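Q: Pasting input.pdb here (PDB, C-alpha atoms, pLDDT in the B column):
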```pdb
ATOM      1  CA  MET B   1       6.499  74.273   3.079  1.00 47.00           C
ATOM      2  CA  HIS B   2       4.558  71.084   3.684  1.00 47.00           C
ATOM      3  CA  GLN B   3       4.899  70.676   7.436  1.00 56.00           C
ATOM      4  CA  GLU B   4       3.783  67.083   7.129  1.00 79.00           C
ATOM      5  CA  CYS B   5       6.727  65.929   4.988  1.00 94.00           C
ATOM      6  CA  PRO B   6       9.039  63.948   7.275  1.00 97.00           C
ATOM      7  CA  ILE B   7      12.103  64.960   5.247  1.00 97.00           C
ATOM      8  CA  GLU B   8      11.273  68.608   5.923  1.00 96.00           C
ATOM      9  CA  LYS B   9      10.691  67.842   9.588  1.00 96.00           C
ATOM     10  CA  THR B  10      14.152  66.286   9.776  1.00 97.00           C
ATOM     11  CA  LEU B  11      15.712  69.219   7.937  1.00 97.00           C
ATOM     12  CA  GLN B  12      14.066  71.638  10.366  1.00 96.00           C
ATOM     13  CA  VAL B  13      16.135  69.996  13.105  1.00 97.00           C
ATOM     14  CA  ILE B  14      19.429  69.182  11.363  1.00 97.00           C
ATOM     15  CA  GLY B  15      19.244  71.086   8.055  1.00 97.00           C
ATOM     16  CA  LYS B  16      21.196  74.180   9.015  1.00 96.00           C
ATOM     17  CA  LYS B  17      24.851  74.477   8.111  1.00 95.00           C
ATOM     18  CA  TRP B  18      27.126  72.708  10.646  1.00 97.00           C
ATOM     19  CA  MET B  19      24.307  70.898  12.474  1.00 98.00           C
ATOM     20  CA  VAL B  20      25.221  67.438  11.177  1.00 98.00           C
ATOM     21  CA  LEU B  21      28.909  67.944  11.905  1.00 97.00           C
ATOM     22  CA  ILE B  22      28.220  69.203  15.436  1.00 98.00           C
ATOM     23  CA  ILE B  23      26.126  66.081  16.008  1.00 98.00           C
ATOM     24  CA  ARG B  24      28.947  63.953  14.558  1.00 97.00           C
ATOM     25  CA  GLU B  25      31.315  65.452  17.135  1.00 97.00           C
ATOM     26  CA  LEU B  26      28.906  64.536  19.942  1.00 97.00           C
ATOM     27  CA  PHE B  27      28.573  60.959  18.669  1.00 97.00           C
ATOM     28  CA  ARG B  28      32.269  60.714  19.505  1.00 95.00           C
ATOM     29  CA  GLY B  29      31.324  61.295  23.153  1.00 93.00           C
ATOM     30  CA  CYS B  30      30.358  63.872  25.721  1.00 94.00           C
ATOM     31  CA  LYS B  31      32.270  67.097  25.052  1.00 95.00           C
ATOM     32  CA  ARG B  32      32.893  70.584  26.329  1.00 94.00           C
ATOM     33  CA  PHE B  33      32.163  73.604  24.139  1.00 93.00           C
ATOM     34  CA  ALA B  34      35.778  74.144  23.066  1.00 92.00           C
ATOM     35  CA  GLU B  35      36.210  70.450  22.262  1.00 94.00           C
ATOM     36  CA  ILE B  36      33.273  70.513  19.845  1.00 95.00           C
ATOM     37  CA  GLY B  37      34.592  73.616  18.126  1.00 93.00           C
ATOM     38  CA  ARG B  38      38.110  72.270  17.796  1.00 93.00           C
ATOM     39  CA  ASN B  39      37.323  70.111  14.752  1.00 88.00           C
ATOM     40  CA  LEU B  40      34.990  72.577  13.039  1.00 94.00           C
ATOM     41  CA  PRO B  41      35.928  75.829  11.276  1.00 94.00           C
ATOM     42  CA  ILE B  42      33.085  77.807  12.851  1.00 95.00           C
ATOM     43  CA  THR B  43      32.936  80.762  15.196  1.00 96.00           C
ATOM     44  CA  ASP B  44      31.998  80.377  18.858  1.00 94.00           C
ATOM     45  CA  LYS B  45      28.892  82.481  18.135  1.00 96.00           C
ATOM     46  CA  VAL B  46      27.574  80.099  15.500  1.00 97.00           C
ATOM     47  CA  LEU B  47      28.463  77.024  17.562  1.00 97.00           C
ATOM     48  CA  SER B  48      26.677  78.505  20.562  1.00 96.00           C
ATOM     49  CA  GLU B  49      23.537  79.268  18.514  1.00 97.00           C
ATOM     50  CA  ARG B  50      23.475  75.808  16.983  1.00 98.00           C
ATOM     51  CA  LEU B  51      23.944  74.047  20.332  1.00 97.00           C
ATOM     52  CA  LYS B  52      21.117  76.107  21.835  1.00 98.00           C
ATOM     53  CA  GLU B  53      18.863  75.127  18.942  1.00 98.00           C
ATOM     54  CA  LEU B  54      19.782  71.449  19.292  1.00 98.00           C
ATOM     55  CA  GLU B  55      19.036  71.704  23.011  1.00 98.00           C
ATOM     56  CA  GLU B  56      15.607  73.228  22.239  1.00 98.00           C
ATOM     57  CA  HIS B  57      14.907  70.340  19.852  1.00 97.00           C
ATOM     58  CA  GLY B  58      15.825  67.830  22.560  1.00 98.00           C
ATOM     59  CA  ILE B  59      18.836  66.549  20.619  1.00 98.00           C
ATOM     60  CA  VAL B  60      21.530  67.782  22.977  1.00 98.00           C
ATOM     61  CA  GLN B  61      21.660  67.957  26.739  1.00 98.00           C
ATOM     62  CA  ARG B  62      23.737  70.671  28.370  1.00 96.00           C
ATOM     63  CA  THR B  63      25.017  69.907  31.842  1.00 95.00           C
ATOM     64  CA  VAL B  64      26.663  72.467  34.096  1.00 93.00           C
ATOM     65  CA  TYR B  65      28.975  71.353  36.891  1.00 91.00           C
ATOM     66  CA  PRO B  66      29.039  74.516  39.010  1.00 87.00           C
ATOM     67  CA  ASP B  67      31.321  73.058  41.659  1.00 88.00           C
ATOM     68  CA  ALA B  68      34.128  72.482  39.235  1.00 83.00           C
ATOM     69  CA  SER B  69      36.690  75.228  39.038  1.00 84.00           C
ATOM     70  CA  PRO B  70      36.282  76.785  36.552  1.00 82.00           C
ATOM     71  CA  PRO B  71      32.602  75.658  36.241  1.00 82.00           C
ATOM     72  CA  ARG B  72      32.409  72.938  33.629  1.00 89.00           C
ATOM     73  CA  VAL B  73      29.747  72.741  30.918  1.00 92.00           C
ATOM     74  CA  GLU B  74      29.333  69.514  29.003  1.00 96.00           C
ATOM     75  CA  TYR B  75      27.220  68.596  26.010  1.00 97.00           C
ATOM     76  CA  THR B  76      25.886  65.113  25.317  1.00 98.00           C
ATOM     77  CA  LEU B  77      23.415  63.620  22.868  1.00 98.00           C
ATOM     78  CA  THR B  78      20.031  62.699  24.332  1.00 98.00           C
ATOM     79  CA  GLU B  79      18.309  59.454  23.340  1.00 97.00           C
ATOM     80  CA  LYS B  80      16.491  61.440  20.633  1.00 98.00           C
ATOM     81  CA  GLY B  81      19.848  62.803  19.514  1.00 98.00           C
ATOM     82  CA  LYS B  82      21.337  59.312  19.385  1.00 98.00           C
ATOM     83  CA  SER B  83      18.421  58.187  17.221  1.00 98.00           C
ATOM     84  CA  LEU B  84      19.906  60.405  14.483  1.00 98.00           C
ATOM     85  CA  HIS B  85      22.540  57.700  13.945  1.00 98.00           C
ATOM     86  CA  ILE B  86      20.377  56.359  11.090  1.00 98.00           C
ATOM     87  CA  VAL B  87      20.761  59.650   9.216  1.00 98.00           C
ATOM     88  CA  LEU B  88      24.488  59.998   9.859  1.00 98.00           C
ATOM     89  CA  GLU B  89      25.091  56.364   8.938  1.00 98.00           C
ATOM     90  CA  SER B  90      23.298  56.800   5.624  1.00 98.00           C
ATOM     91  CA  MET B  91      25.593  59.765   4.914  1.00 98.00           C
ATOM     92  CA  ILE B  92      28.642  57.674   5.818  1.00 98.00           C
ATOM     93  CA  GLU B  93      27.438  54.917   3.492  1.00 98.00           C
ATOM     94  CA  TRP B  94      26.682  57.272   0.597  1.00 98.00           C
ATOM     95  CA  GLY B  95      29.822  59.356   1.063  1.00 97.00           C
ATOM     96  CA  SER B  96      32.024  56.248   1.155  1.00 96.00           C
ATOM     97  CA  LYS B  97      30.525  54.755  -1.990  1.00 94.00           C
ATOM     98  CA  TYR B  98      29.544  57.624  -4.228  1.00 92.00           C
ATOM     99  CA  ALA B  99      30.845  61.052  -3.248  1.00 82.00           C
TER
ATOM    100  CA  MET W   1      37.654  70.203   7.176  1.00 47.00           C
ATOM    101  CA  HIS W   2      38.647  66.549   6.999  1.00 47.00           C
ATOM    102  CA  GLN W   3      38.156  65.778   3.324  1.00 56.00           C
ATOM    103  CA  GLU W   4      38.263  62.095   4.162  1.00 79.00           C
ATOM    104  CA  CYS W   5      35.173  62.079   6.365  1.00 94.00           C
ATOM    105  CA  PRO W   6      32.355  60.492   4.320  1.00 97.00           C
ATOM    106  CA  ILE W   7      29.727  62.568   6.126  1.00 97.00           C
ATOM    107  CA  GLU W   8      31.486  65.731   4.969  1.00 96.00           C
ATOM    108  CA  LYS W   9      31.776  64.332   1.454  1.00 96.00           C
ATOM    109  CA  THR W  10      28.025  63.764   1.412  1.00 97.00           C
ATOM    110  CA  LEU W  11      27.354  67.233   2.800  1.00 97.00           C
ATOM    111  CA  GLN W  12      29.553  68.763   0.098  1.00 96.00           C
ATOM    112  CA  VAL W  13      27.053  67.382  -2.426  1.00 97.00           C
ATOM    113  CA  ILE W  14      23.702  67.743  -0.648  1.00 97.00           C
ATOM    114  CA  GLY W  15      24.459  69.949   2.351  1.00 97.00           C
ATOM    115  CA  LYS W  16      23.408  73.312   0.947  1.00 96.00           C
ATOM    116  CA  LYS W  17      19.985  74.704   1.730  1.00 95.00           C
ATOM    117  CA  TRP W  18      17.266  73.282  -0.577  1.00 97.00           C
ATOM    118  CA  MET W  19      19.449  70.544  -2.066  1.00 98.00           C
ATOM    119  CA  VAL W  20      17.662  67.669  -0.343  1.00 98.00           C
ATOM    120  CA  LEU W  21      14.228  69.050  -1.189  1.00 97.00           C
ATOM    121  CA  ILE W  22      15.162  69.581  -4.849  1.00 98.00           C
ATOM    122  CA  ILE W  23      16.323  65.964  -4.953  1.00 98.00           C
ATOM    123  CA  ARG W  24      13.057  64.893  -3.263  1.00 97.00           C
ATOM    124  CA  GLU W  25      11.131  66.608  -6.081  1.00 97.00           C
ATOM    125  CA  LEU W  26      13.153  64.679  -8.679  1.00 97.00           C
ATOM    126  CA  PHE W  27      12.536  61.372  -6.915  1.00 97.00           C
ATOM    127  CA  ARG W  28       8.893  62.015  -7.777  1.00 95.00           C
ATOM    128  CA  GLY W  29       9.886  61.807 -11.451  1.00 93.00           C
ATOM    129  CA  CYS W  30      11.455  63.652 -14.364  1.00 94.00           C
ATOM    130  CA  LYS W  31      10.516  67.336 -14.170  1.00 95.00           C
ATOM    131  CA  ARG W  32      10.830  70.656 -15.928  1.00 94.00           C
ATOM    132  CA  PHE W  33      12.397  73.626 -14.162  1.00 93.00           C
ATOM    133  CA  ALA W  34       9.084  75.273 -13.239  1.00 92.00           C
ATOM    134  CA  GLU W  35       7.681  71.992 -11.942  1.00 94.00           C
ATOM    135  CA  ILE W  36      10.572  71.579  -9.507  1.00 95.00           C
ATOM    136  CA  GLY W  37      10.175  75.136  -8.257  1.00 93.00           C
ATOM    137  CA  ARG W  38       6.435  74.870  -7.798  1.00 93.00           C
ATOM    138  CA  ASN W  39       6.661  73.011  -4.480  1.00 88.00           C
ATOM    139  CA  LEU W  40       9.598  74.968  -3.088  1.00 94.00           C
ATOM    140  CA  PRO W  41       9.610  78.551  -1.803  1.00 94.00           C
ATOM    141  CA  ILE W  42      12.872  79.449  -3.573  1.00 95.00           C
ATOM    142  CA  THR W  43      13.785  81.896  -6.300  1.00 96.00           C
ATOM    143  CA  ASP W  44      14.512  80.775  -9.858  1.00 94.00           C
ATOM    144  CA  LYS W  45      18.068  82.031  -9.387  1.00 96.00           C
ATOM    145  CA  VAL W  46      18.743  79.766  -6.411  1.00 97.00           C
ATOM    146  CA  LEU W  47      17.023  76.799  -8.045  1.00 97.00           C
ATOM    147  CA  SER W  48      19.086  77.312 -11.183  1.00 96.00           C
ATOM    148  CA  GLU W  49      22.349  77.481  -9.208  1.00 97.00           C
ATOM    149  CA  ARG W  50      21.487  74.381  -7.206  1.00 98.00           C
ATOM    150  CA  LEU W  51      20.508  72.366 -10.282  1.00 97.00           C
ATOM    151  CA  LYS W  52      23.749  73.347 -12.012  1.00 98.00           C
ATOM    152  CA  GLU W  53      25.708  72.211  -8.961  1.00 98.00           C
ATOM    153  CA  LEU W  54      23.823  68.901  -8.812  1.00 98.00           C
ATOM    154  CA  GLU W  55      24.551  68.433 -12.523  1.00 98.00           C
ATOM    155  CA  GLU W  56      28.269  69.060 -11.895  1.00 98.00           C
ATOM    156  CA  HIS W  57      28.213  66.439  -9.136  1.00 97.00           C
ATOM    157  CA  GLY W  58      26.593  63.931 -11.492  1.00 98.00           C
ATOM    158  CA  ILE W  59      23.390  63.778  -9.439  1.00 98.00           C
ATOM    159  CA  VAL W  60      21.082  65.370 -12.003  1.00 98.00           C
ATOM    160  CA  GLN W  61      20.942  65.045 -15.765  1.00 98.00           C
ATOM    161  CA  ARG W  62      19.650  67.993 -17.768  1.00 96.00           C
ATOM    162  CA  THR W  63      18.132  67.113 -21.149  1.00 95.00           C
ATOM    163  CA  VAL W  64      17.185  69.693 -23.748  1.00 93.00           C
ATOM    164  CA  TYR W  65      14.601  68.868 -26.412  1.00 91.00           C
ATOM    165  CA  PRO W  66      15.338  71.625 -28.937  1.00 87.00           C
ATOM    166  CA  ASP W  67      12.700  70.490 -31.421  1.00 88.00           C
ATOM    167  CA  ALA W  68       9.870  71.017 -28.981  1.00 83.00           C
ATOM    168  CA  SER W  69       8.132  74.355 -29.238  1.00 84.00           C
ATOM    169  CA  PRO W  70       8.980  76.061 -26.953  1.00 82.00           C
ATOM    170  CA  PRO W  71      12.247  74.067 -26.444  1.00 82.00           C
ATOM    171  CA  ARG W  72      11.789  71.754 -23.476  1.00 89.00           C
ATOM    172  CA  VAL W  73      14.341  71.217 -20.702  1.00 92.00           C
ATOM    173  CA  GLU W  74      13.913  68.302 -18.358  1.00 96.00           C
ATOM    174  CA  TYR W  75      15.761  67.255 -15.222  1.00 97.00           C
ATOM    175  CA  THR W  76      16.122  63.670 -14.024  1.00 98.00           C
ATOM    176  CA  LEU W  77      18.137  61.926 -11.353  1.00 98.00           C
ATOM    177  CA  THR W  78      21.115  59.946 -12.604  1.00 98.00           C
ATOM    178  CA  GLU W  79      21.922  56.520 -11.147  1.00 97.00           C
ATOM    179  CA  LYS W  80      24.257  58.287  -8.714  1.00 98.00           C
ATOM    180  CA  GLY W  81      21.401  60.648  -7.854  1.00 98.00           C
ATOM    181  CA  LYS W  82      19.041  57.747  -7.260  1.00 98.00           C
ATOM    182  CA  SER W  83      21.586  56.181  -4.919  1.00 98.00           C
ATOM    183  CA  LEU W  84      20.807  59.060  -2.544  1.00 98.00           C
ATOM    184  CA  HIS W  85      17.565  57.279  -1.669  1.00 98.00           C
ATOM    185  CA  ILE W  86      19.326  55.814   1.380  1.00 98.00           C
ATOM    186  CA  VAL W  87      19.884  59.305   2.777  1.00 98.00           C
ATOM    187  CA  LEU W  88      16.375  60.571   2.017  1.00 98.00           C
ATOM    188  CA  GLU W  89      14.822  57.389   3.416  1.00 98.00           C
ATOM    189  CA  SER W  90      16.748  57.778   6.670  1.00 98.00           C
ATOM    190  CA  MET W  91      15.349  61.319   6.926  1.00 98.00           C
ATOM    191  CA  ILE W  92      11.820  60.044   6.260  1.00 98.00           C
ATOM    192  CA  GLU W  93      12.284  57.409   8.958  1.00 98.00           C
ATOM    193  CA  TRP W  94      13.695  59.838  11.507  1.00 98.00           C
ATOM    194  CA  GLY W  95      11.230  62.617  10.693  1.00 97.00           C
ATOM    195  CA  SER W  96       8.291  60.240  11.021  1.00 96.00           C
ATOM    196  CA  LYS W  97       9.390  58.843  14.351  1.00 94.00           C
ATOM    197  CA  TYR W  98      11.136  61.609  16.194  1.00 91.00           C
ATOM    198  CA  ALA W  99      10.782  65.103  14.734  1.00 82.00           C
TER
END
```
I need this file expressed as structure tokens, please.

A:
Amino acid sequence: MHQECPIEKTLQVIGKKWMVLIIRELFRGCKRFAEIGRNLPITDKVLSERLKELEEHGIVQRTVYPDASPPRVEYTLTEKGKSLHIVLESMIEWGSKYA
Amino acid sequence: MHQECPIEKTLQVIGKKWMVLIIRELFRGCKRFAEIGRNLPITDKVLSERLKELEEHGIVQRTVYPDASPPRVEYTLTEKGKSLHIVLESMIEWGSKYA
């Protein structure tokens, strides 16, 4: 792999199966775990792994509200995560016109 | 899956592992099978499957020159394939700035 290729750098963050669709869900707003999974045919295990990876890449922020009952965990896109709108928009444009 | 979501439509064409990087290779020009594989750490079997799928989606055109010795097979992007530049460019932009 050529680490310097920016396409490969992008794919290292969002290239895995379901990553783009998880990010799409979070562009629709701050969500709890179950809300993200509701629109995606993936297991909780995979969703949990992907969210952890997105958190490590600084794309997603996980916030725990321990005082809520039951404790609430919410996921939002960071500014870096929101900057991915250019990639998702290009997919919307291409998918609308050509796919 | 929501078949109507254009992001999902795009991912159905280019979402599988290696698809984007195979398309990147073909943006660099018409290539033979071995030339595409040279820059990618994938097996011939996977490359062959992916190219067949891209051909079925109308992204790649496969041309056989039977009179060449040995017979030559070349792969090029179709016009539909070239229209994917918007997606690859968004990944270049994001990967350069943020990844």

Q: Both chains have the same sequence, so match all Cα atoms in order, fit chain B onto chain W by least squares, and return it as a tab-separated table (two decimals) with C-alpha atoms, in the coordinates of the input.

A:
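See result_24.tsv below for the written result:
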```tsv
chain	number	residue	atom	x	y	z
B	1	MET	CA	37.68	70.23	7.09
B	2	HIS	CA	38.68	66.58	6.97
B	3	GLN	CA	38.16	65.77	3.31
B	4	GLU	CA	38.27	62.08	4.13
B	5	CYS	CA	35.17	62.08	6.35
B	6	PRO	CA	32.36	60.50	4.32
B	7	ILE	CA	29.73	62.57	6.13
B	8	GLU	CA	31.50	65.73	4.97
B	9	LYS	CA	31.78	64.34	1.46
B	10	THR	CA	28.02	63.77	1.42
B	11	LEU	CA	27.35	67.24	2.81
B	12	GLN	CA	29.55	68.76	0.10
B	13	VAL	CA	27.06	67.38	-2.43
B	14	ILE	CA	23.70	67.74	-0.65
B	15	GLY	CA	24.46	69.96	2.37
B	16	LYS	CA	23.40	73.30	0.95
B	17	LYS	CA	19.98	74.70	1.74
B	18	TRP	CA	17.26	73.28	-0.57
B	19	MET	CA	19.45	70.54	-2.08
B	20	VAL	CA	17.66	67.67	-0.33
B	21	LEU	CA	14.23	69.05	-1.20
B	22	ILE	CA	15.17	69.58	-4.85
B	23	ILE	CA	16.32	65.96	-4.95
B	24	ARG	CA	13.06	64.89	-3.27
B	25	GLU	CA	11.14	66.61	-6.08
B	26	LEU	CA	13.15	64.69	-8.68
B	27	PHE	CA	12.53	61.37	-6.92
B	28	ARG	CA	8.89	62.02	-7.79
B	29	GLY	CA	9.89	61.82	-11.46
B	30	CYS	CA	11.46	63.66	-14.34
B	31	LYS	CA	10.51	67.34	-14.16
B	32	ARG	CA	10.83	70.65	-15.92
B	33	PHE	CA	12.39	73.64	-14.15
B	34	ALA	CA	9.08	75.28	-13.23
B	35	GLU	CA	7.68	71.99	-11.94
B	36	ILE	CA	10.57	71.58	-9.49
B	37	GLY	CA	10.18	75.13	-8.25
B	38	ARG	CA	6.43	74.85	-7.80
B	39	ASN	CA	6.66	73.00	-4.47
B	40	LEU	CA	9.61	74.95	-3.07
B	41	PRO	CA	9.62	78.55	-1.79
B	42	ILE	CA	12.86	79.45	-3.57
B	43	THR	CA	13.76	81.90	-6.30
B	44	ASP	CA	14.49	80.77	-9.86
B	45	LYS	CA	18.06	82.04	-9.37
B	46	VAL	CA	18.74	79.77	-6.41
B	47	LEU	CA	17.01	76.80	-8.04
B	48	SER	CA	19.07	77.31	-11.18
B	49	GLU	CA	22.34	77.47	-9.20
B	50	ARG	CA	21.49	74.37	-7.21
B	51	LEU	CA	20.50	72.36	-10.29
B	52	LYS	CA	23.75	73.35	-12.01
B	53	GLU	CA	25.71	72.20	-8.97
B	54	LEU	CA	23.82	68.90	-8.82
B	55	GLU	CA	24.53	68.43	-12.53
B	56	GLU	CA	28.26	69.06	-11.91
B	57	HIS	CA	28.20	66.44	-9.13
B	58	GLY	CA	26.58	63.93	-11.48
B	59	ILE	CA	23.38	63.79	-9.44
B	60	VAL	CA	21.07	65.37	-12.00
B	61	GLN	CA	20.92	65.05	-15.75
B	62	ARG	CA	19.63	67.98	-17.78
B	63	THR	CA	18.12	67.12	-21.14
B	64	VAL	CA	17.19	69.69	-23.75
B	65	TYR	CA	14.60	68.87	-26.41
B	66	PRO	CA	15.36	71.61	-28.95
B	67	ASP	CA	12.72	70.47	-31.41
B	68	ALA	CA	9.91	71.02	-28.98
B	69	SER	CA	8.19	74.35	-29.22
B	70	PRO	CA	9.05	76.07	-26.96
B	71	PRO	CA	12.29	74.04	-26.43
B	72	ARG	CA	11.79	71.76	-23.46
B	73	VAL	CA	14.35	71.22	-20.70
B	74	GLU	CA	13.92	68.30	-18.35
B	75	TYR	CA	15.76	67.27	-15.22
B	76	THR	CA	16.11	63.68	-14.03
B	77	LEU	CA	18.13	61.93	-11.35
B	78	THR	CA	21.11	59.93	-12.61
B	79	GLU	CA	21.91	56.51	-11.15
B	80	LYS	CA	24.25	58.29	-8.71
B	81	GLY	CA	21.41	60.65	-7.85
B	82	LYS	CA	19.03	57.74	-7.27
B	83	SER	CA	21.58	56.18	-4.91
B	84	LEU	CA	20.80	59.07	-2.54
B	85	HIS	CA	17.55	57.28	-1.68
B	86	ILE	CA	19.32	55.82	1.37
B	87	VAL	CA	19.88	59.31	2.77
B	88	LEU	CA	16.37	60.57	2.01
B	89	GLU	CA	14.83	57.39	3.41
B	90	SER	CA	16.73	57.78	6.67
B	91	MET	CA	15.34	61.32	6.92
B	92	ILE	CA	11.82	60.03	6.26
B	93	GLU	CA	12.28	57.40	8.96
B	94	TRP	CA	13.70	59.84	11.52
B	95	GLY	CA	11.24	62.61	10.71
B	96	SER	CA	8.27	60.23	11.01
B	97	LYS	CA	9.37	58.84	14.35
B	98	TYR	CA	11.14	61.62	16.19
B	99	ALA	CA	10.79	65.10	14.72
```

Q: Mind running chain B against chain W at 7 Å and telling me each contacting residue's nearest atom pair with the distance in Å (one decimal), counting all atoms listed in the file, chain and number ascending, as CSV?

A:
```
residue,atom,partner,partner_atom,distance
B:Met1,CA,W:Leu40,CA,6.9
B:Pro6,CA,W:Gly95,CA,4.3
B:Ile7,CA,W:Ile92,CA,5.0
B:Lys9,CA,W:Gly95,CA,5.4
B:Thr10,CA,W:Gly95,CA,4.8
B:Leu40,CA,W:Met1,CA,6.9
B:Lys80,CA,W:Tyr98,CA,7.0
B:Leu84,CA,W:Trp94,CA,6.9
B:Ile86,CA,W:Ser90,CA,5.9
B:Val87,CA,W:Ser90,CA,5.1
B:Leu88,CA,W:Ile7,CA,6.9
B:Ser90,CA,W:Val87,CA,5.1
B:Met91,CA,W:Ile7,CA,5.1
B:Ile92,CA,W:Pro6,CA,4.9
B:Trp94,CA,W:Thr10,CA,6.7
B:Gly95,CA,W:Pro6,CA,4.3
B:Ser96,CA,W:Pro6,CA,5.3
B:Tyr98,CA,W:Lys80,CA,7.0
B:Ala99,CA,W:Lys9,CA,5.8
```

Q: Between atom CA of B:Ile23 and atom CA of W:Glu79, what is the spacing in Å?

A: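 Answer for the atom CA of W:Glu79 to atom CA of B:Ile23 separation: 29.1 Å.
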
Q: Which protein, DNA or RNA residues have an atom at most 8 Å from (15.7, 73.6, -11.5), counting only C-alpha atoms? List them as a ChimeraX atom specification.

A: /W:22,32-34,36-37,44,47-48,50-51,75

Q: Considering all atoms listed in the file, can you say which of W:Ile42, W:Ile59, W:Val64, W:Leu77 comes closest to W:Cys30?

A: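 Looking only at the distances to W:Cys30, the closest residue turns out to be W:Leu77.
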
Q: Could you tell me how far atom CA of W:Thr43 lies from atom CA of W:Glu74, in Å and to one decimal?

A: 18.2 Å

Q: Between atom CA of B:Pro71 and atom CA of B:Glu25, measure the distance and give it in Å to one decimal.

A: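 These atoms are spaced 21.7 Å apart.
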
Q: Output requested as a short mmCIF file (atom, residue, chain, number, x, y, z; two decimals), in the coordinates of the input - stretch 64-81 of chain W, filled out with N, CA and C atoms.

A:
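rebuild_16.cif, written as the output of this step:
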```
data_model
loop_
_atom_site.label_atom_id
_atom_site.label_comp_id
_atom_site.auth_asym_id
_atom_site.auth_seq_id
_atom_site.Cartn_x
_atom_site.Cartn_y
_atom_site.Cartn_z
N VAL W 64 17.88 68.67 -22.96
CA VAL W 64 17.18 69.69 -23.75
C VAL W 64 16.56 69.03 -24.97
N TYR W 65 15.29 69.33 -25.20
CA TYR W 65 14.60 68.87 -26.41
C TYR W 65 14.39 70.08 -27.31
N PRO W 66 15.37 70.36 -28.19
CA PRO W 66 15.34 71.62 -28.94
C PRO W 66 14.22 71.66 -29.97
N ASP W 67 13.73 70.51 -30.38
CA ASP W 67 12.70 70.49 -31.42
C ASP W 67 11.32 70.80 -30.87
N ALA W 68 11.17 70.68 -29.56
CA ALA W 68 9.87 71.02 -28.98
C ALA W 68 9.66 72.52 -29.10
N SER W 69 8.42 72.93 -29.10
CA SER W 69 8.13 74.36 -29.24
C SER W 69 7.16 74.76 -28.14
N PRO W 70 7.61 75.56 -27.13
CA PRO W 70 8.98 76.06 -26.95
C PRO W 70 9.93 74.94 -26.55
N PRO W 71 11.28 75.11 -26.79
CA PRO W 71 12.25 74.07 -26.44
C PRO W 71 12.06 73.60 -25.01
N ARG W 72 12.09 72.30 -24.80
CA ARG W 72 11.79 71.75 -23.48
C ARG W 72 13.09 71.35 -22.78
N VAL W 73 13.18 71.64 -21.50
CA VAL W 73 14.34 71.22 -20.70
C VAL W 73 13.83 70.38 -19.54
N GLU W 74 14.37 69.18 -19.44
CA GLU W 74 13.91 68.30 -18.36
C GLU W 74 15.08 67.87 -17.47
N TYR W 75 14.76 67.68 -16.21
CA TYR W 75 15.76 67.26 -15.22
C TYR W 75 15.38 65.90 -14.66
N THR W 76 16.36 65.00 -14.64
CA THR W 76 16.12 63.67 -14.02
C THR W 76 17.30 63.33 -13.12
N LEU W 77 17.05 62.43 -12.19
CA LEU W 77 18.14 61.93 -11.35
C LEU W 77 18.94 60.90 -12.15
N THR W 78 20.25 60.98 -12.05
CA THR W 78 21.12 59.95 -12.60
C THR W 78 21.09 58.72 -11.67
N GLU W 79 21.82 57.67 -12.05
CA GLU W 79 21.92 56.52 -11.15
C GLU W 79 22.58 56.94 -9.83
N LYS W 80 23.60 57.77 -9.93
CA LYS W 80 24.26 58.29 -8.71
C LYS W 80 23.25 59.09 -7.88
N GLY W 81 22.43 59.88 -8.55
CA GLY W 81 21.40 60.65 -7.85
C GLY W 81 20.42 59.74 -7.15
#
```
